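Asks: Pasting a structure here, questions to come.
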Amino acid sequence: MKTSIKEIRSDYERLVGQEIFVQGWIKTNRFQKQFGFINLNDGSALANLQIVYDATLPNFEEVAKFGAGCSLTVKGTLVLTPQAKQPFEIKATEIILEGDSPSTYPLQPKRHTREFLREIAHLRPRTNLFNAVFRVRSLLAHAIHEFFRKKDFIYLHSPIITGSDAEGAGDMFQVTVLDMEKPPKKDGKVDYSKDFFGKHANLTVSGQLQAEAFAHAFKKVYTFGPTFRAEKSNTTRHASEFWMVEPEVAFADLRDIMDLIEEMIKFLIRQVFEGAKEELEFFDNFVSPGKIEQLRKLLDSKIHVCEYEDAVKIIQKADHDFEHKISFGDDLATEHEKYLTDVHFKGPVFVINWPKEIKAFYMRLNDDNKTVAAVDLLVPGSGELVGGSQREERLELLERRMAEMGVPAEEMQWYLDLRRFGGTVHSGFGLGFERMVMYVTGVENIRDVIPFPRTYRNCDY
Ligand code: 4AD
Ligand code: MG
C-alpha cells in the first residue's frame, strides 16, 4: 500500500504489522554495525518517519552509505516502539535508491543560517523551517478563500498588467516591448503609442481600483493575487513581488471594514491552530518563543483602536529613545509602530484617521478636512499588516484630490464613472499576505516566507 507519512501517523495503530510502502528523502542515516536508522521525510508532514534496516536487506552495505538528500522507495512493516521517542517505526524489507545525493549536498544535517539557505532557495524547502513555513503559507491561502466564500464574496481576478497607478505612488515596474537601445521618440520623449498596448503599461501595485468596479455590481468582492512594487527599500518587510488580499464592499464604511479585518485575521489564525498544530509548536519552540500564546491572546481579545492623532501623542510622550521624532503629519516609522504594538498596546492595534497628505488619493476625506478615513492594522513583528480605507465616493471631492495629487484624470475616467453611476459609500482593505505569514510563523524576514523572493537587486531563480 503506497502511503504518506501523514496518513501513517494519523492511523498507525491500525497499520501495525501491515506492509507499508513510502517514498521520500533521507534526512539522516545512522548506521551501527548490525543495523541502521533512516529518518525519512516525504513532505506530507513536518515529522520524519523512522526506518530501521539490518543485514537481512540484500543491499544492506549500500544502504548504510546513503547520505542526506537521497530519494528512496521503502517497503517494510509498521512496528510499535513503546519505549522510544516516536511511537512506531518501519522495519524495512526493501530499500531502493531512486536518486543519489553525494556528500556535496549542501543540506547536511547541521544548523544552517537563514542567509545561507536563502542562497539555495531551490533546496531550502527540504529543511524543517521552510517545510513548516510553506505548509502554513499554503494553508493560509486556502483559508483566505474559505473565509470569503463562506461570507458570499465574489472572487475577482484583477489584472496583473495595468494602465493605471492604483496607489498614485509611482513605484511601478514598466511593461514594454520597445527596443531599450533605440526606443521610438516623439518630441524628444519615448513614444509609447508604438509600444505593445499602444500606451504606457506597468505591473499592478494593487487590484483595488478594479475591485471597486466589481463591488458596484456584486457588493462584496475580493481579489487575491500577486502585486509588484519597485520600491528600492531593502528592509525585512518589503518585497518587490508579493501577494495581497483585497476585499472591497459596497455600502460599507470604515467601521464595517475594520470589523471585517478583525474577523478575517481571527479566522485565519484559528485555521492555523486547527490545521498546523505541529508547525505552530515548531515555530513556538525554535523561531519565536511565546508565539502560540500571543496568537491565543489575539483570538481572545478585541483589537485596540487608536486615532492617528492619539498615536502621535503617545509616541511624543513616551519615555523611550526614538531615532526619529514625530509630529502630526508624519508617517509612522518602524520604531514608532514597534513602540505602539510591543510596548504601549502590547498587541495589534488599528490606527485610524490619518493625515490626507500621507495617504492615497482615493481615501475619503473626513469632516475635519485634514484627515482621511484610513486604517492601518499594526501587529508586533510584521508592523503594518493591513492598510485600508473608506473610499471617496463624492465625485467633486475625488476629482479635486486627484488634481492636487497629480493623478492623471484622463486615464481614470472609468474609475470616476463608479461615482457617476450608482455610487455608494464603500470601503476595502489590503492584507499583505507575506506579512500575515510572518506574523503567524514569527519568521522575521519576508525573504523567508516567499518561495523565491524578489527584492531590490535580487531576482534569482
Ligand atoms: O497599504 P497598501 O499600500 O494598500 C494598498 O495597496 C491598498 N490598495 C489596499 C486596499 O485598500 N485595497 O498595501 C496593503 C498591504 C500593506 O498593509 C502591507 O501589509 C502589504 O500590503 N505591503 C507589502 N508587503 C510586502 N512588500 C511590500 N513592498 C508591501 N507593500 C505593501
Ligand atoms: Mg499602507
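The way I read the labels, and the way they are meant: chains A, B, ... in the order of the C-alpha cells, residue 1 as the first residue of every chain, and ligand 1 as the first ligand shown, with later ones counted on from there.
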Show me, as a PyMOL selection string, the residues that have an atom within 10 Å of A:Asp179 when counting only C-alpha atoms, minus same-chain residues fewer than 4 positions from it.

Replies: chain A and resi 183-184+195

Asks: Quick one: residues within 7 Å of A:Gly347, only C-alpha atoms counted, chain neighbours fewer than 6 positions away excluded, as a list in words?

Replies: Thr341, Val379 and Pro380 of chain A

Asks: Please, could you write that set of residues out with N, CA and C atoms as a PDB file, in the first residue's frame?

Replies:
```pdb
ATOM      1  N   THR A 341       2.850  48.746  19.191  1.00  0.00           N
ATOM      2  CA  THR A 341       2.390  47.348  19.305  1.00  0.00           C
ATOM      3  C   THR A 341       3.082  46.599  20.445  1.00  0.00           C
ATOM      4  N   VAL A 379       0.812  45.142  13.758  1.00  0.00           N
ATOM      5  CA  VAL A 379       0.960  43.971  14.630  1.00  0.00           C
ATOM      6  C   VAL A 379       2.413  43.829  15.052  1.00  0.00           C
ATOM      7  N   PRO A 380       2.634  43.223  16.231  1.00  0.00           N
ATOM      8  CA  PRO A 380       4.016  43.032  16.675  1.00  0.00           C
ATOM      9  C   PRO A 380       4.775  42.190  15.648  1.00  0.00           C
TER      10      PRO A 380
END
```

Asks: Which residues of chain A come within 12 Å of ligand 2, and what is each one's closest atom pair and distance in Å (one decimal), counting only C-alpha atoms and all ligand atoms, sorted by chain and residue number, as CSV?

Replies:
```
residue,atom,partner,partner_atom_place_in_ligand_line,distance
A:Glu167,CA,ligand 2,1 (Mg),9.5
A:Ala169,CA,ligand 2,1 (Mg),11.1
A:Val205,CA,ligand 2,1 (Mg),11.6
A:Ser206,CA,ligand 2,1 (Mg),11.1
A:His238,CA,ligand 2,1 (Mg),11.6
A:Met244,CA,ligand 2,1 (Mg),11.6
A:Asp331,CA,ligand 2,1 (Mg),10.2
A:Leu332,CA,ligand 2,1 (Mg),10.7
A:Val351,CA,ligand 2,1 (Mg),11.2
A:Ile352,CA,ligand 2,1 (Mg),11.8
A:Trp354,CA,ligand 2,1 (Mg),10.9
A:Ile358,CA,ligand 2,1 (Mg),9.7
A:Lys359,CA,ligand 2,1 (Mg),7.9
A:Ala360,CA,ligand 2,1 (Mg),8.8
A:Met363,CA,ligand 2,1 (Mg),11.7
A:Ala374,CA,ligand 2,1 (Mg),9.3
A:Val375,CA,ligand 2,1 (Mg),8.6
A:Asp376,CA,ligand 2,1 (Mg),6.6
A:Leu377,CA,ligand 2,1 (Mg),9.2
A:Leu378,CA,ligand 2,1 (Mg),10.3
A:Gly383,CA,ligand 2,1 (Mg),10.4
A:Glu384,CA,ligand 2,1 (Mg),7.0
A:Leu385,CA,ligand 2,1 (Mg),8.5
A:Val386,CA,ligand 2,1 (Mg),7.0
A:Gly387,CA,ligand 2,1 (Mg),4.5
A:Gly388,CA,ligand 2,1 (Mg),7.4
A:Ser389,CA,ligand 2,1 (Mg),9.9
A:Phe429,CA,ligand 2,1 (Mg),9.4
A:Gly430,CA,ligand 2,1 (Mg),8.2
A:Leu431,CA,ligand 2,1 (Mg),9.4
A:Gly432,CA,ligand 2,1 (Mg),9.4
```

Asks: Only N, CA, C and O atoms, please: the residues just picked out, written as a compact mmCIF listing (two decimals), in the first residue's frame.

Replies:
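Wrote selection-v2.txt, looks like this:
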```
# COMPACT_ATOMS: atom_id res chain seq x y z
N GLU A 167 -2.04 53.19 -6.60
CA GLU A 167 -1.71 53.86 -5.35
C GLU A 167 -1.24 55.29 -5.58
O GLU A 167 -1.00 56.03 -4.64
N ALA A 169 1.53 56.22 -6.31
CA ALA A 169 2.82 56.41 -5.66
C ALA A 169 3.99 56.30 -6.62
O ALA A 169 5.11 56.67 -6.30
N VAL A 205 0.22 47.50 -8.84
CA VAL A 205 0.64 47.64 -7.44
C VAL A 205 -0.50 47.24 -6.51
O VAL A 205 -0.31 47.10 -5.31
N SER A 206 -1.69 47.09 -7.07
CA SER A 206 -2.87 46.76 -6.26
C SER A 206 -4.04 46.51 -7.18
O SER A 206 -4.17 47.15 -8.22
N HIS A 238 9.71 44.35 3.06
CA HIS A 238 9.31 44.75 1.72
C HIS A 238 9.83 43.80 0.66
O HIS A 238 11.03 43.51 0.62
N MET A 244 -1.35 40.07 -2.32
CA MET A 244 -2.23 40.88 -1.49
C MET A 244 -3.65 40.34 -1.58
O MET A 244 -4.08 39.90 -2.65
N ASP A 331 4.51 60.20 8.73
CA ASP A 331 4.18 58.78 8.71
C ASP A 331 4.87 58.13 9.92
O ASP A 331 5.87 58.65 10.43
N LEU A 332 4.33 57.01 10.37
CA LEU A 332 4.97 56.31 11.48
C LEU A 332 6.17 55.54 10.95
O LEU A 332 6.08 54.85 9.94
N VAL A 351 -4.79 51.76 13.70
CA VAL A 351 -4.58 53.21 13.74
C VAL A 351 -5.47 53.82 12.65
O VAL A 351 -5.37 53.42 11.48
N ILE A 352 -6.34 54.75 13.04
CA ILE A 352 -7.34 55.25 12.08
C ILE A 352 -7.25 56.77 11.91
O ILE A 352 -6.68 57.47 12.74
N TRP A 354 -5.97 59.10 9.27
CA TRP A 354 -4.60 59.57 9.01
C TRP A 354 -4.61 60.91 8.26
O TRP A 354 -5.57 61.20 7.53
N ILE A 358 -0.36 62.04 3.63
CA ILE A 358 0.50 60.85 3.56
C ILE A 358 -0.28 59.60 3.12
O ILE A 358 0.23 58.48 3.22
N LYS A 359 -1.52 59.79 2.65
CA LYS A 359 -2.29 58.63 2.22
C LYS A 359 -2.72 58.78 0.76
O LYS A 359 -2.58 59.84 0.16
N ALA A 360 -3.28 57.70 0.21
CA ALA A 360 -3.59 57.67 -1.22
C ALA A 360 -4.78 58.55 -1.58
O ALA A 360 -5.60 58.90 -0.73
N MET A 363 -8.81 57.90 -0.74
CA MET A 363 -9.35 57.75 0.61
C MET A 363 -10.31 58.89 0.94
O MET A 363 -10.11 60.03 0.55
N ALA A 374 -8.89 56.36 6.91
CA ALA A 374 -7.97 55.27 6.60
C ALA A 374 -7.70 54.46 7.84
O ALA A 374 -7.78 54.99 8.96
N VAL A 375 -7.36 53.21 7.64
CA VAL A 375 -6.98 52.36 8.77
C VAL A 375 -5.74 51.55 8.41
O VAL A 375 -5.63 51.03 7.31
N ASP A 376 -4.81 51.50 9.34
CA ASP A 376 -3.68 50.56 9.24
C ASP A 376 -3.78 49.63 10.43
O ASP A 376 -3.98 50.11 11.56
N LEU A 377 -3.63 48.35 10.20
CA LEU A 377 -3.53 47.43 11.32
C LEU A 377 -2.05 47.13 11.55
O LEU A 377 -1.37 46.62 10.65
N LEU A 378 -1.59 47.50 12.74
CA LEU A 378 -0.19 47.23 13.08
C LEU A 378 -0.14 46.03 14.01
O LEU A 378 -0.96 45.91 14.92
N GLY A 383 4.77 44.73 11.75
CA GLY A 383 4.41 46.12 11.51
C GLY A 383 3.06 46.24 10.84
O GLY A 383 2.08 45.63 11.27
N GLU A 384 3.02 47.02 9.73
CA GLU A 384 1.74 47.22 9.03
C GLU A 384 1.33 45.93 8.32
O GLU A 384 1.93 45.54 7.33
N LEU A 385 0.28 45.33 8.81
CA LEU A 385 -0.21 44.07 8.23
C LEU A 385 -1.31 44.35 7.22
O LEU A 385 -1.42 43.68 6.20
N VAL A 386 -2.14 45.35 7.53
CA VAL A 386 -3.27 45.69 6.67
C VAL A 386 -3.32 47.19 6.48
O VAL A 386 -3.06 47.95 7.41
N GLY A 387 -3.66 47.61 5.25
CA GLY A 387 -3.95 49.02 5.01
C GLY A 387 -5.29 49.10 4.31
O GLY A 387 -5.53 48.37 3.35
N GLY A 388 -6.17 49.94 4.80
CA GLY A 388 -7.49 50.02 4.15
C GLY A 388 -8.09 51.40 4.35
O GLY A 388 -7.49 52.27 4.97
N SER A 389 -9.27 51.57 3.78
CA SER A 389 -9.93 52.87 3.95
C SER A 389 -11.37 52.81 3.48
O SER A 389 -11.76 51.90 2.74
N PHE A 429 -9.89 46.92 2.00
CA PHE A 429 -8.55 46.92 2.59
C PHE A 429 -7.64 45.96 1.83
O PHE A 429 -8.10 45.17 1.00
N GLY A 430 -6.36 46.07 2.11
CA GLY A 430 -5.38 45.15 1.54
C GLY A 430 -4.59 44.50 2.66
O GLY A 430 -4.02 45.18 3.51
N LEU A 431 -4.59 43.18 2.66
CA LEU A 431 -3.76 42.43 3.62
C LEU A 431 -2.52 41.97 2.89
O LEU A 431 -2.61 41.31 1.85
N GLY A 432 -1.36 42.34 3.40
CA GLY A 432 -0.11 41.83 2.84
C GLY A 432 0.02 40.37 3.24
O GLY A 432 0.23 40.05 4.40
```

Asks: List every residue of stretch 6-241 of chain A that DSSP, applied to the backbone of this structure, places in helix (DSSP H, G or I), and write the result as an NGL selection string.

Replies: :A and (6-10 or 12-15 or 60-65 or 114-118 or 124-126 or 128-150 or 192-194 or 208-218)

Asks: With only C-alpha atoms counted and 12 Å as the cut-off, give the residues of stretch 193-307 of chain A in contact with stretch 146-150 of chain A, each with its shortest interatomic distance in Å and the pair that gives it, as CSV.

Replies:
```
residue,atom,partner,partner_atom,distance
A:Lys220,CA,A:Phe148,CA,9.0
A:Val221,CA,A:Phe148,CA,8.3
A:Tyr222,CA,A:Phe148,CA,7.7
A:Thr223,CA,A:Phe148,CA,10.2
A:Phe224,CA,A:Phe148,CA,10.7
A:Val245,CA,A:Phe148,CA,10.5
A:Glu246,CA,A:Phe148,CA,10.8
A:Pro247,CA,A:Phe148,CA,8.7
A:Glu248,CA,A:Phe148,CA,11.2
A:Val249,CA,A:Phe148,CA,11.7
A:Leu260,CA,A:Phe148,CA,10.2
A:Ile261,CA,A:Phe147,CA,11.3
A:Glu263,CA,A:Phe147,CA,9.2
A:Met264,CA,A:Phe147,CA,6.9
A:Ile265,CA,A:Phe147,CA,9.9
A:Lys266,CA,A:Phe147,CA,10.4
A:Phe267,CA,A:Phe147,CA,7.2
A:Leu268,CA,A:Phe147,CA,8.0
A:Ile269,CA,A:Phe147,CA,11.5
A:Arg270,CA,A:Phe147,CA,11.3
A:Gln271,CA,A:Phe147,CA,9.9
```

Asks: Compare A:Gln174, A:Thr204, A:Thr93, A:Gln23 by their minimum atom-to-atom distance to ligand 1, counting only C-alpha atoms and all ligand atoms, and give me the closest one.

Replies: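 Checking each candidate against ligand 1, we get A:Thr204 as the closest.
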
Asks: Measure the distance from atom CA of A:Glu396 to atom CA of A:Glu411 in Å and round it to one decimal.

Replies: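 Distance between the two atoms: 16.7 Å.
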
Asks: Using only C-alpha atoms, determine which residues lie at most 8 Å from stretch 62-70 of chain A, disregarding the query and same-chain residues fewer than 6 positions distant; provide the list as an mmCIF file with N, CA, C and O atoms, in the first residue's frame.

Replies:
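Listing of part.cif after writing:
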```cif
data_model
loop_
_atom_site.group_PDB
_atom_site.id
_atom_site.type_symbol
_atom_site.label_atom_id
_atom_site.label_comp_id
_atom_site.auth_asym_id
_atom_site.auth_seq_id
_atom_site.Cartn_x
_atom_site.Cartn_y
_atom_site.Cartn_z
ATOM 1 N N TRP A 25 12.746 11.512 1.051
ATOM 2 C CA TRP A 25 14.153 11.899 1.035
ATOM 3 C C TRP A 25 14.792 11.654 2.409
ATOM 4 O O TRP A 25 14.152 11.912 3.439
ATOM 5 N N ILE A 26 16.025 11.245 2.389
ATOM 6 C CA ILE A 26 16.734 10.972 3.652
ATOM 7 C C ILE A 26 17.095 12.284 4.346
ATOM 8 O O ILE A 26 17.673 13.182 3.733
ATOM 9 N N LYS A 27 16.720 12.383 5.620
ATOM 10 C CA LYS A 27 17.195 13.497 6.451
ATOM 11 C C LYS A 27 18.512 13.082 7.086
ATOM 12 O O LYS A 27 19.510 13.785 7.005
ATOM 13 N N THR A 28 18.483 11.928 7.766
ATOM 14 C CA THR A 28 19.707 11.404 8.375
ATOM 15 C C THR A 28 19.723 9.897 8.201
ATOM 16 O O THR A 28 18.680 9.264 8.071
ATOM 17 N N ASN A 29 20.922 9.365 8.231
ATOM 18 C CA ASN A 29 21.095 7.909 8.155
ATOM 19 C C ASN A 29 22.189 7.538 9.143
ATOM 20 O O ASN A 29 23.353 7.891 8.947
ATOM 21 N N ARG A 30 21.794 6.890 10.229
ATOM 22 C CA ARG A 30 22.776 6.484 11.257
ATOM 23 C C ARG A 30 22.955 4.979 11.159
ATOM 24 O O ARG A 30 21.990 4.229 11.177
ATOM 25 N N PHE A 31 24.186 4.582 11.083
ATOM 26 C CA PHE A 31 24.459 3.170 10.892
ATOM 27 C C PHE A 31 25.305 2.657 12.044
ATOM 28 O O PHE A 31 26.299 3.269 12.412
ATOM 29 N N GLY A 36 20.748 -0.059 11.032
ATOM 30 C CA GLY A 36 20.806 1.391 10.853
ATOM 31 C C GLY A 36 19.423 2.015 10.933
ATOM 32 O O GLY A 36 18.396 1.318 10.891
ATOM 33 N N ILE A 95 14.778 -1.500 0.366
ATOM 34 C CA ILE A 95 15.078 -0.063 0.219
ATOM 35 C C ILE A 95 15.706 0.151 -1.155
ATOM 36 O O ILE A 95 16.752 -0.415 -1.467
ATOM 37 N N LEU A 97 17.177 2.816 -3.957
ATOM 38 C CA LEU A 97 17.675 4.176 -4.178
ATOM 39 C C LEU A 97 17.072 4.724 -5.464
ATOM 40 O O LEU A 97 17.263 4.160 -6.540
ATOM 41 N N GLU A 98 16.358 5.824 -5.374
ATOM 42 C CA GLU A 98 15.774 6.439 -6.579
ATOM 43 C C GLU A 98 16.726 7.478 -7.149
ATOM 44 O O GLU A 98 16.978 7.511 -8.340
ATOM 45 N N GLY A 99 17.235 8.340 -6.287
ATOM 46 C CA GLY A 99 18.159 9.380 -6.740
ATOM 47 C C GLY A 99 19.241 9.576 -5.696
ATOM 48 O O GLY A 99 18.951 9.833 -4.529
ATOM 49 N N ASP A 100 20.490 9.437 -6.130
ATOM 50 C CA ASP A 100 21.599 9.546 -5.183
ATOM 51 C C ASP A 100 21.817 11.012 -4.796
ATOM 52 O O ASP A 100 21.359 11.924 -5.493
ATOM 53 N N SER A 101 22.476 11.238 -3.674
ATOM 54 C CA SER A 101 22.813 12.589 -3.250
ATOM 55 C C SER A 101 24.180 12.528 -2.570
ATOM 56 O O SER A 101 24.284 12.125 -1.419
ATOM 57 N N PRO A 102 25.205 12.890 -3.310
ATOM 58 C CA PRO A 102 26.557 12.745 -2.751
ATOM 59 C C PRO A 102 26.812 13.712 -1.600
ATOM 60 O O PRO A 102 25.974 14.550 -1.282
ATOM 61 N N SER A 103 27.991 13.621 -1.037
ATOM 62 C CA SER A 103 28.294 14.402 0.177
ATOM 63 C C SER A 103 28.416 15.898 -0.105
ATOM 64 O O SER A 103 28.541 16.701 0.808
ATOM 65 N N TYR A 105 25.984 17.526 -1.191
ATOM 66 C CA TYR A 105 24.636 18.059 -0.914
ATOM 67 C C TYR A 105 24.727 19.119 0.186
ATOM 68 O O TYR A 105 25.222 18.837 1.281
ATOM 69 N N LEU A 107 22.686 20.480 2.196
ATOM 70 C CA LEU A 107 21.879 20.397 3.427
ATOM 71 C C LEU A 107 22.261 19.192 4.263
ATOM 72 O O LEU A 107 21.434 18.341 4.557
ATOM 73 N N GLN A 108 23.522 19.123 4.636
ATOM 74 C CA GLN A 108 23.937 18.071 5.554
ATOM 75 C C GLN A 108 23.319 18.366 6.918
ATOM 76 O O GLN A 108 23.036 19.520 7.229
ATOM 77 N N PRO A 109 23.052 17.312 7.703
ATOM 78 C CA PRO A 109 22.370 17.534 8.983
ATOM 79 C C PRO A 109 23.196 18.332 9.988
ATOM 80 O O PRO A 109 23.945 17.776 10.779
#
```

Asks: Report as a list of chain:residue names all protein, DNA and RNA residues lying within 8 Å of A:Gln390, evaluated on only C-alpha atoms, omitting residues in the same chain fewer than 4 positions from it.

Replies: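 Final neighbour list, sorted by chain and number: A:Ala252, A:Asp253, A:Leu254, A:Met363, A:Arg364, A:Ala373, A:Ala374, A:Val425, A:His426, A:Ser427, A:Gly428.
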
Asks: Counting only C-alpha atoms, which residues of stretch 207-314 of chain A fall within 8 Å of stretch 127-142 of chain A, and what is the closest atom pair for each with its distance in Å at one decimal, ordered by chain and rising number, as JSON lines?

Replies:
```
{"residue": "A:Leu268", "atom": "CA", "partner": "A:Leu140", "partner_atom": "CA", "distance": 6.4}
{"residue": "A:Gln271", "atom": "CA", "partner": "A:Leu140", "partner_atom": "CA", "distance": 7.6}
{"residue": "A:Val272", "atom": "CA", "partner": "A:Val136", "partner_atom": "CA", "distance": 7.1}
{"residue": "A:Gly275", "atom": "CA", "partner": "A:Leu139", "partner_atom": "CA", "distance": 7.5}
{"residue": "A:Ala276", "atom": "CA", "partner": "A:Val136", "partner_atom": "CA", "distance": 6.8}
{"residue": "A:Glu279", "atom": "CA", "partner": "A:Ala132", "partner_atom": "CA", "distance": 5.3}
{"residue": "A:Phe282", "atom": "CA", "partner": "A:Ala132", "partner_atom": "CA", "distance": 7.8}
```

Asks: Step one, run DSSP on the backbone; step two, keep only residues of stretch 120-228 of chain A assigned to strand (DSSP E); then write them as number ranges by chain.

Replies: A: 154-155, 161-162, 174-175, 185-186, 189-190, 201-203, 220-228

Asks: Skip stretch 158-163 of chain A itself and residues of its chain fewer than 4 positions away, then list as JSON, numbers by chain all residues within 8 Å of it, counting only C-alpha atoms.

Replies: {"A": [175, 199, 200, 201, 202, 203, 204, 207, 210, 211, 223, 225, 226, 227, 411]}

Asks: Using only C-alpha atoms, which protein or nucleic acid residues come within 9 Å of A:Asp42? Drop anything in the same chain fewer than 2 positions from it, and give the result as an NGL selection string.

Replies: :A and (4-6 or 22-26 or 40 or 44-46 or 48-49)

Asks: With distances taken over only C-alpha atoms and all ligand atoms, which of A:Thr236, A:Asn458, A:Thr441, A:Ser301 is nearest to ligand 1?

Replies: A:Thr236
